[in-house]
$ cat structure26.pdb   # PDB, C-alpha atoms and all ligand atoms
ATOM      1  CA  MET A   1       0.000   0.000   0.000
ATOM      2  CA  ALA A   2       1.372   3.381  -0.977
ATOM      3  CA  THR A   3       2.058   5.866   1.770
ATOM      4  CA  LEU A   4       0.824   9.366   1.155
ATOM      5  CA  ASP A   5       1.845  12.539   2.941
ATOM      6  CA  GLY A   6      -0.222  15.112   4.761
ATOM      7  CA  ASN A   7      -0.796  17.121   1.608
ATOM      8  CA  ALA A   8      -3.076  14.320   0.439
ATOM      9  CA  ILE A   9      -5.526  15.127   3.202
ATOM     10  CA  GLY A  10      -5.181  18.915   3.036
ATOM     11  CA  GLY A  11      -8.782  19.237   1.912
ATOM     12  CA  LEU A  12     -10.015  16.888   4.621
ATOM     13  CA  LEU A  13      -8.077  18.783   7.306
ATOM     14  CA  LEU A  14      -9.512  22.044   6.006
ATOM     15  CA  GLU A  15     -12.987  20.560   6.309
ATOM     16  CA  VAL A  16     -12.392  19.245   9.842
ATOM     17  CA  PHE A  17     -10.472  22.159  11.361
ATOM     18  CA  GLY A  18     -11.860  24.990   9.249
ATOM     19  CA  THR A  19      -8.378  26.183   8.333
ATOM     20  CA  ASP A  20      -5.386  24.943   6.356
ATOM     21  CA  MET A  21      -3.544  22.609   8.726
ATOM     22  CA  THR A  22      -0.831  21.259   6.440
ATOM     23  CA  ASP A  23       1.685  23.789   7.834
ATOM     24  CA  ALA A  24       0.678  23.180  11.468
ATOM     25  CA  ALA A  25       3.411  21.607  13.591
ATOM     26  CA  ALA A  26       2.392  18.209  14.926
ATOM     27  CA  THR A  27       4.215  16.899  18.008
ATOM     28  CA  CYS A  28       4.247  13.117  18.317
ATOM     29  CA  ALA A  29       3.136  11.952  21.764
ATOM     30  CA  THR A  30       5.226   8.795  21.402
ATOM     31  CA  CYS A  31       8.680  10.062  20.368
ATOM     32  CA  GLY A  32       8.346  13.847  20.588
ATOM     33  CA  ALA A  33       9.238  14.480  16.959
ATOM     34  CA  VAL A  34       7.863  17.749  15.608
ATOM     35  CA  ARG A  35       7.106  18.180  11.929
ATOM     36  CA  PRO A  36       4.450  19.821   9.765
ATOM     37  CA  LEU A  37       1.323  17.784   9.165
ATOM     38  CA  ALA A  38       2.199  17.941   5.466
ATOM     39  CA  GLU A  39       5.196  15.677   6.187
ATOM     40  CA  THR A  40       3.404  13.000   8.190
ATOM     41  CA  ALA A  41       2.684   9.538   6.783
ATOM     42  CA  VAL A  42      -0.937   9.137   5.720
ATOM     43  CA  TYR A  43      -2.799   5.919   5.018
ATOM     44  CA  LEU A  44      -6.189   6.122   3.369
ATOM     45  CA  ARG A  45      -8.115   3.023   4.269
ATOM     46  CA  GLY A  46     -11.445   2.118   5.740
ATOM     47  CA  PRO A  47     -13.011   3.042   7.973
ATOM     48  CA  GLY A  48     -10.861   6.103   8.487
ATOM     49  CA  THR A  49      -7.815   8.083   7.491
ATOM     50  CA  VAL A  50      -4.774   7.196   9.581
ATOM     51  CA  VAL A  51      -1.934   9.672  10.137
ATOM     52  CA  ARG A  52       1.343   8.288  11.485
ATOM     53  CA  CYS A  53       4.646   9.742  12.674
ATOM     54  CA  ARG A  54       7.443   9.328  10.108
ATOM     55  CA  THR A  55      10.011   9.004  12.880
ATOM     56  CA  CYS A  56       8.527   6.235  15.031
ATOM     57  CA  ALA A  57       5.432   5.198  13.005
ATOM     58  CA  GLY A  58       3.309   5.970  16.064
ATOM     59  CA  LEU A  59      -0.328   6.806  15.533
ATOM     60  CA  LEU A  60      -0.883  10.573  15.475
ATOM     61  CA  MET A  61      -4.420  11.058  14.279
ATOM     62  CA  VAL A  62      -7.391   9.104  13.000
ATOM     63  CA  ILE A  63     -10.108  10.828  11.000
ATOM     64  CA  SER A  64     -13.245   8.817  10.427
ATOM     65  CA  ARG A  65     -16.516   9.737   8.825
ATOM     66  CA  ILE A  66     -19.650   8.501  10.517
ATOM     67  CA  ARG A  67     -22.974   9.285   8.889
ATOM     68  CA  GLY A  68     -21.439  12.240   7.068
ATOM     69  CA  VAL A  69     -19.825  13.708  10.185
ATOM     70  CA  SER A  70     -16.039  13.707  10.438
ATOM     71  CA  CYS A  71     -14.697  12.528  13.783
ATOM     72  CA  VAL A  72     -11.092  13.192  14.730
ATOM     73  CA  ASP A  73      -9.044  11.274  17.272
ATOM     74  CA  LEU A  74      -5.973  13.308  18.227
ATOM     75  CA  THR A  75      -4.764  11.190  21.127
ATOM     76  CA  GLY A  76      -1.411  10.489  19.452
ATOM     77  CA  LEU A  77      -0.535  14.169  19.330
ATOM     78  CA  SER A  78       0.930  15.966  22.321
ATOM     79  CA  ALA A  79       0.666  19.309  20.533
ATOM     80  CA  LEU A  80      -0.730  20.676  17.295
ATOM     81  CA  GLY A  81      -0.434  24.122  15.855
TER      82      GLY A  81
HETATM   83 ZN    ZN A 101       6.871   9.634  16.709
END
$ encode --input "structure26.pdb" --output "structure tokens" --more "lines below"
Ligand SMILES: [Zn+2]
Amino acid sequence: MATLDGNAIGGLLLEVFGTDMTDAAATCATCGAVRPLAETAVYLRGPGTVVRCRTCAGLLMVISRIRGVSCVDLTGLSALG
């Protein structure tokens, strides 16, 4: 399966957060690496979109769509913005 980067979900992030998040700095809660969301590893597969740290492959974010509503799990991030 091909790995995408955060730019692939730029539109989805815009929809969820209401602003362009690709330049936002994401801090991994597992290893502490900080990099723009645009440089994270993104996997598009059901039932949600999975965003992983490129340093430790830890889970950063899961975006799932339930009945047309996007739900975001940010538990893998210690900071965002
Ligand atoms: Zn990490």
$ closest_atom_pairs --input "structure26.pdb" --of "chain A" --to "ligand ZN 101 (chain A)" --cutoff "9 Å" --atoms "all atoms listed in the file" --output "Markdown table"
| residue | atom | partner | partner_atom | distance |
| --- | --- | --- | --- | --- |
| A:Thr27 | CA | A:ZN101 | ZN | 7.8 |
| A:Cys28 | CA | A:ZN101 | ZN | 4.6 |
| A:Ala29 | CA | A:ZN101 | ZN | 6.7 |
| A:Thr30 | CA | A:ZN101 | ZN | 5.0 |
| A:Cys31 | CA | A:ZN101 | ZN | 4.1 |
| A:Gly32 | CA | A:ZN101 | ZN | 5.9 |
| A:Ala33 | CA | A:ZN101 | ZN | 5.4 |
| A:Val34 | CA | A:ZN101 | ZN | 8.2 |
| A:Arg52 | CA | A:ZN101 | ZN | 7.7 |
| A:Cys53 | CA | A:ZN101 | ZN | 4.6 |
| A:Arg54 | CA | A:ZN101 | ZN | 6.6 |
| A:Thr55 | CA | A:ZN101 | ZN | 5.0 |
| A:Cys56 | CA | A:ZN101 | ZN | 4.1 |
| A:Ala57 | CA | A:ZN101 | ZN | 6.0 |
| A:Gly58 | CA | A:ZN101 | ZN | 5.2 |
| A:Leu59 | CA | A:ZN101 | ZN | 7.8 |
| A:Leu60 | CA | A:ZN101 | ZN | 7.9 |
| A:Gly76 | CA | A:ZN101 | ZN | 8.8 |
$ write_last_selection --input "structure26.pdb" --atoms "C-alpha atoms" --output "mmCIF file, in the frame of the given file"
data_model
loop_
_atom_site.group_PDB
_atom_site.id
_atom_site.type_symbol
_atom_site.label_atom_id
_atom_site.label_comp_id
_atom_site.auth_asym_id
_atom_site.auth_seq_id
_atom_site.Cartn_x
_atom_site.Cartn_y
_atom_site.Cartn_z
ATOM 1 C CA THR A 27 4.215 16.899 18.008
ATOM 2 C CA CYS A 28 4.247 13.117 18.317
ATOM 3 C CA ALA A 29 3.136 11.952 21.764
ATOM 4 C CA THR A 30 5.226 8.795 21.402
ATOM 5 C CA CYS A 31 8.680 10.062 20.368
ATOM 6 C CA GLY A 32 8.346 13.847 20.588
ATOM 7 C CA ALA A 33 9.238 14.480 16.959
ATOM 8 C CA VAL A 34 7.863 17.749 15.608
ATOM 9 C CA ARG A 52 1.343 8.288 11.485
ATOM 10 C CA CYS A 53 4.646 9.742 12.674
ATOM 11 C CA ARG A 54 7.443 9.328 10.108
ATOM 12 C CA THR A 55 10.011 9.004 12.880
ATOM 13 C CA CYS A 56 8.527 6.235 15.031
ATOM 14 C CA ALA A 57 5.432 5.198 13.005
ATOM 15 C CA GLY A 58 3.309 5.970 16.064
ATOM 16 C CA LEU A 59 -0.328 6.806 15.533
ATOM 17 C CA LEU A 60 -0.883 10.573 15.475
ATOM 18 C CA GLY A 76 -1.411 10.489 19.452
#
$ residues_near_point --input "structure26.pdb" --point "(-9.1, 2.0, 8.3)" --cutoff "12 Å" --atoms "all atoms listed in the file" --output "PyMOL selection string"
chain A and resi 42-51+61-65
$ atom_distance --input "structure26.pdb" --atom1 "CA of Gly81 in chain A" --atom2 "CA of Ala2 in chain A"
26.8 Å
$ resolve_selection --input "structure26.pdb" --expression "the PyMOL selection byres (((chain A and resi 10) around 8) and not hetatm)" --output "CSV table (one decimal) with C-alpha atoms, keeping the file's coordinate frame"
chain,number,residue,atom,x,y,z
A,6,GLY,CA,-0.2,15.1,4.8
A,7,ASN,CA,-0.8,17.1,1.6
A,8,ALA,CA,-3.1,14.3,0.4
A,9,ILE,CA,-5.5,15.1,3.2
A,11,GLY,CA,-8.8,19.2,1.9
A,12,LEU,CA,-10.0,16.9,4.6
A,13,LEU,CA,-8.1,18.8,7.3
A,14,LEU,CA,-9.5,22.0,6.0
A,20,ASP,CA,-5.4,24.9,6.4
A,21,MET,CA,-3.5,22.6,8.7
A,22,THR,CA,-0.8,21.3,6.4
A,38,ALA,CA,2.2,17.9,5.5
$ atom_distance --input "structure26.pdb" --atom1 "CA of Arg35 in chain A" --atom2 "CA of Thr19 in chain A"
17.8 Å
$ closest_residue --input "structure26.pdb" --among "A:Val72, A:Ala79, A:Ile66, A:Ala26" --to "Ala41 in chain A" --atoms "only C-alpha atoms"
A:Ala26
$ atom_distance --input "structure26.pdb" --atom1 "CA of Ser70 in chain A" --atom2 "CA of Glu39 in chain A"
21.7 Å
$ residues_near_point --input "structure26.pdb" --point "(-0.2, 24.0, 14.3)" --cutoff "6 Å" --atoms "only C-alpha atoms" --output "number ranges by chain"
A: 24-25, 80-81
$ write_last_selection --input "structure26.pdb" --atoms "C-alpha atoms" --output "short mmCIF file (atom, residue, chain, number, x, y, z; two decimals), in the frame of the given file"
data_model
loop_
_atom_site.label_atom_id
_atom_site.label_comp_id
_atom_site.auth_asym_id
_atom_site.auth_seq_id
_atom_site.Cartn_x
_atom_site.Cartn_y
_atom_site.Cartn_z
CA ALA A 24 0.68 23.18 11.47
CA ALA A 25 3.41 21.61 13.59
CA LEU A 80 -0.73 20.68 17.30
CA GLY A 81 -0.43 24.12 15.86
#
$ decode --input "structure26.pdb" --residues "range 15-29 of chain A" --atoms "all heavy atoms" --output "PDB file, in the first residue's frame"
ATOM      1  N   GLU A  15     -11.577  20.809   5.993  1.00  0.00           N
ATOM      2  CA  GLU A  15     -12.987  20.560   6.309  1.00  0.00           C
ATOM      3  C   GLU A  15     -13.178  20.346   7.822  1.00  0.00           C
ATOM      4  O   GLU A  15     -14.117  20.856   8.432  1.00  0.00           O
ATOM      5  CB  GLU A  15     -13.447  19.321   5.541  1.00  0.00           C
ATOM      6  CG  GLU A  15     -14.894  18.958   5.721  1.00  0.00           C
ATOM      7  CD  GLU A  15     -15.208  17.669   4.973  1.00  0.00           C
ATOM      8  OE1 GLU A  15     -14.757  17.517   3.822  1.00  0.00           O
ATOM      9  OE2 GLU A  15     -15.890  16.824   5.560  1.00  0.00           O
ATOM     10  N   VAL A  16     -12.258  19.608   8.427  1.00  0.00           N
ATOM     11  CA  VAL A  16     -12.392  19.245   9.842  1.00  0.00           C
ATOM     12  C   VAL A  16     -12.056  20.418  10.763  1.00  0.00           C
ATOM     13  O   VAL A  16     -12.769  20.691  11.730  1.00  0.00           O
ATOM     14  CB  VAL A  16     -11.481  18.039  10.175  1.00  0.00           C
ATOM     15  CG1 VAL A  16     -11.422  17.800  11.685  1.00  0.00           C
ATOM     16  CG2 VAL A  16     -11.986  16.795   9.455  1.00  0.00           C
ATOM     17  N   PHE A  17     -10.949  21.113  10.459  1.00  0.00           N
ATOM     18  CA  PHE A  17     -10.472  22.159  11.361  1.00  0.00           C
ATOM     19  C   PHE A  17     -10.913  23.562  10.941  1.00  0.00           C
ATOM     20  O   PHE A  17     -10.755  24.507  11.706  1.00  0.00           O
ATOM     21  CB  PHE A  17      -8.945  22.114  11.457  1.00  0.00           C
ATOM     22  CG  PHE A  17      -8.415  20.883  12.138  1.00  0.00           C
ATOM     23  CD1 PHE A  17      -7.978  19.794  11.385  1.00  0.00           C
ATOM     24  CD2 PHE A  17      -8.365  20.800  13.522  1.00  0.00           C
ATOM     25  CE1 PHE A  17      -7.495  18.651  12.004  1.00  0.00           C
ATOM     26  CE2 PHE A  17      -7.875  19.673  14.148  1.00  0.00           C
ATOM     27  CZ  PHE A  17      -7.445  18.590  13.391  1.00  0.00           C
ATOM     28  N   GLY A  18     -11.398  23.696   9.713  1.00  0.00           N
ATOM     29  CA  GLY A  18     -11.860  24.990   9.249  1.00  0.00           C
ATOM     30  C   GLY A  18     -10.738  25.916   8.828  1.00  0.00           C
ATOM     31  O   GLY A  18     -10.963  27.088   8.558  1.00  0.00           O
ATOM     32  N   THR A  19      -9.521  25.384   8.769  1.00  0.00           N
ATOM     33  CA  THR A  19      -8.378  26.183   8.333  1.00  0.00           C
ATOM     34  C   THR A  19      -7.346  25.238   7.731  1.00  0.00           C
ATOM     35  O   THR A  19      -7.394  24.029   7.966  1.00  0.00           O
ATOM     36  CB  THR A  19      -7.786  26.975   9.520  1.00  0.00           C
ATOM     37  OG1 THR A  19      -6.710  27.788   9.035  1.00  0.00           O
ATOM     38  CG2 THR A  19      -7.247  26.054  10.594  1.00  0.00           C
ATOM     39  N   ASP A  20      -6.422  25.771   6.965  1.00  0.00           N
ATOM     40  CA  ASP A  20      -5.386  24.943   6.356  1.00  0.00           C
ATOM     41  C   ASP A  20      -4.413  24.474   7.432  1.00  0.00           C
ATOM     42  O   ASP A  20      -3.739  25.279   8.064  1.00  0.00           O
ATOM     43  CB  ASP A  20      -4.646  25.749   5.285  1.00  0.00           C
ATOM     44  CG  ASP A  20      -3.583  24.925   4.584  1.00  0.00           C
ATOM     45  OD1 ASP A  20      -3.505  23.704   4.826  1.00  0.00           O
ATOM     46  OD2 ASP A  20      -2.834  25.491   3.778  1.00  0.00           O
ATOM     47  N   MET A  21      -4.364  23.158   7.647  1.00  0.00           N
ATOM     48  CA  MET A  21      -3.544  22.609   8.726  1.00  0.00           C
ATOM     49  C   MET A  21      -2.244  21.985   8.231  1.00  0.00           C
ATOM     50  O   MET A  21      -1.457  21.486   9.043  1.00  0.00           O
ATOM     51  CB  MET A  21      -4.341  21.537   9.482  1.00  0.00           C
ATOM     52  CG  MET A  21      -5.561  22.059  10.201  1.00  0.00           C
ATOM     53  SD  MET A  21      -5.145  23.241  11.503  1.00  0.00           S
ATOM     54  CE  MET A  21      -4.408  22.129  12.711  1.00  0.00           C
ATOM     55  N   THR A  22      -2.000  21.988   6.938  1.00  0.00           N
ATOM     56  CA  THR A  22      -0.831  21.259   6.440  1.00  0.00           C
ATOM     57  C   THR A  22       0.478  21.846   6.962  1.00  0.00           C
ATOM     58  O   THR A  22       1.479  21.148   7.067  1.00  0.00           O
ATOM     59  CB  THR A  22      -0.809  21.212   4.905  1.00  0.00           C
ATOM     60  OG1 THR A  22      -0.996  22.531   4.394  1.00  0.00           O
ATOM     61  CG2 THR A  22      -1.897  20.304   4.374  1.00  0.00           C
ATOM     62  N   ASP A  23       0.477  23.153   7.302  1.00  0.00           N
ATOM     63  CA  ASP A  23       1.685  23.789   7.834  1.00  0.00           C
ATOM     64  C   ASP A  23       1.757  23.735   9.357  1.00  0.00           C
ATOM     65  O   ASP A  23       2.745  24.145   9.948  1.00  0.00           O
ATOM     66  CB  ASP A  23       1.755  25.252   7.386  1.00  0.00           C
ATOM     67  CG  ASP A  23       2.158  25.376   5.929  1.00  0.00           C
ATOM     68  OD1 ASP A  23       2.779  24.438   5.400  1.00  0.00           O
ATOM     69  OD2 ASP A  23       1.850  26.406   5.318  1.00  0.00           O
ATOM     70  N   ALA A  24       0.697  23.228  10.011  1.00  0.00           N
ATOM     71  CA  ALA A  24       0.678  23.180  11.468  1.00  0.00           C
ATOM     72  C   ALA A  24       1.692  22.154  11.962  1.00  0.00           C
ATOM     73  O   ALA A  24       1.835  21.069  11.393  1.00  0.00           O
ATOM     74  CB  ALA A  24      -0.718  22.810  11.961  1.00  0.00           C
ATOM     75  N   ALA A  25       2.409  22.507  13.022  1.00  0.00           N
ATOM     76  CA  ALA A  25       3.411  21.607  13.591  1.00  0.00           C
ATOM     77  C   ALA A  25       2.736  20.558  14.476  1.00  0.00           C
ATOM     78  O   ALA A  25       2.027  20.903  15.413  1.00  0.00           O
ATOM     79  CB  ALA A  25       4.425  22.406  14.399  1.00  0.00           C
ATOM     80  N   ALA A  26       2.965  19.308  14.150  1.00  0.00           N
ATOM     81  CA  ALA A  26       2.392  18.209  14.926  1.00  0.00           C
ATOM     82  C   ALA A  26       3.490  17.594  15.785  1.00  0.00           C
ATOM     83  O   ALA A  26       4.541  17.204  15.280  1.00  0.00           O
ATOM     84  CB  ALA A  26       1.809  17.160  13.988  1.00  0.00           C
ATOM     85  N   THR A  27       3.248  17.505  17.090  1.00  0.00           N
ATOM     86  CA  THR A  27       4.215  16.899  18.008  1.00  0.00           C
ATOM     87  C   THR A  27       3.752  15.493  18.364  1.00  0.00           C
ATOM     88  O   THR A  27       2.663  15.302  18.902  1.00  0.00           O
ATOM     89  CB  THR A  27       4.355  17.735  19.294  1.00  0.00           C
ATOM     90  OG1 THR A  27       4.697  19.073  18.943  1.00  0.00           O
ATOM     91  CG2 THR A  27       5.433  17.154  20.201  1.00  0.00           C
ATOM     92  N   CYS A  28       4.580  14.511  18.055  1.00  0.00           N
ATOM     93  CA  CYS A  28       4.247  13.117  18.317  1.00  0.00           C
ATOM     94  C   CYS A  28       4.278  12.840  19.818  1.00  0.00           C
ATOM     95  O   CYS A  28       5.257  13.159  20.494  1.00  0.00           O
ATOM     96  CB  CYS A  28       5.253  12.227  17.583  1.00  0.00           C
ATOM     97  SG  CYS A  28       5.041  10.468  17.922  1.00  0.00           S
ATOM     98  N   ALA A  29       3.204  12.248  20.325  1.00  0.00           N
ATOM     99  CA  ALA A  29       3.136  11.952  21.764  1.00  0.00           C
ATOM    100  C   ALA A  29       4.018  10.761  22.132  1.00  0.00           C
ATOM    101  O   ALA A  29       4.338  10.552  23.295  1.00  0.00           O
ATOM    102  CB  ALA A  29       1.693  11.673  22.161  1.00  0.00           C
TER     103      ALA A  29
END
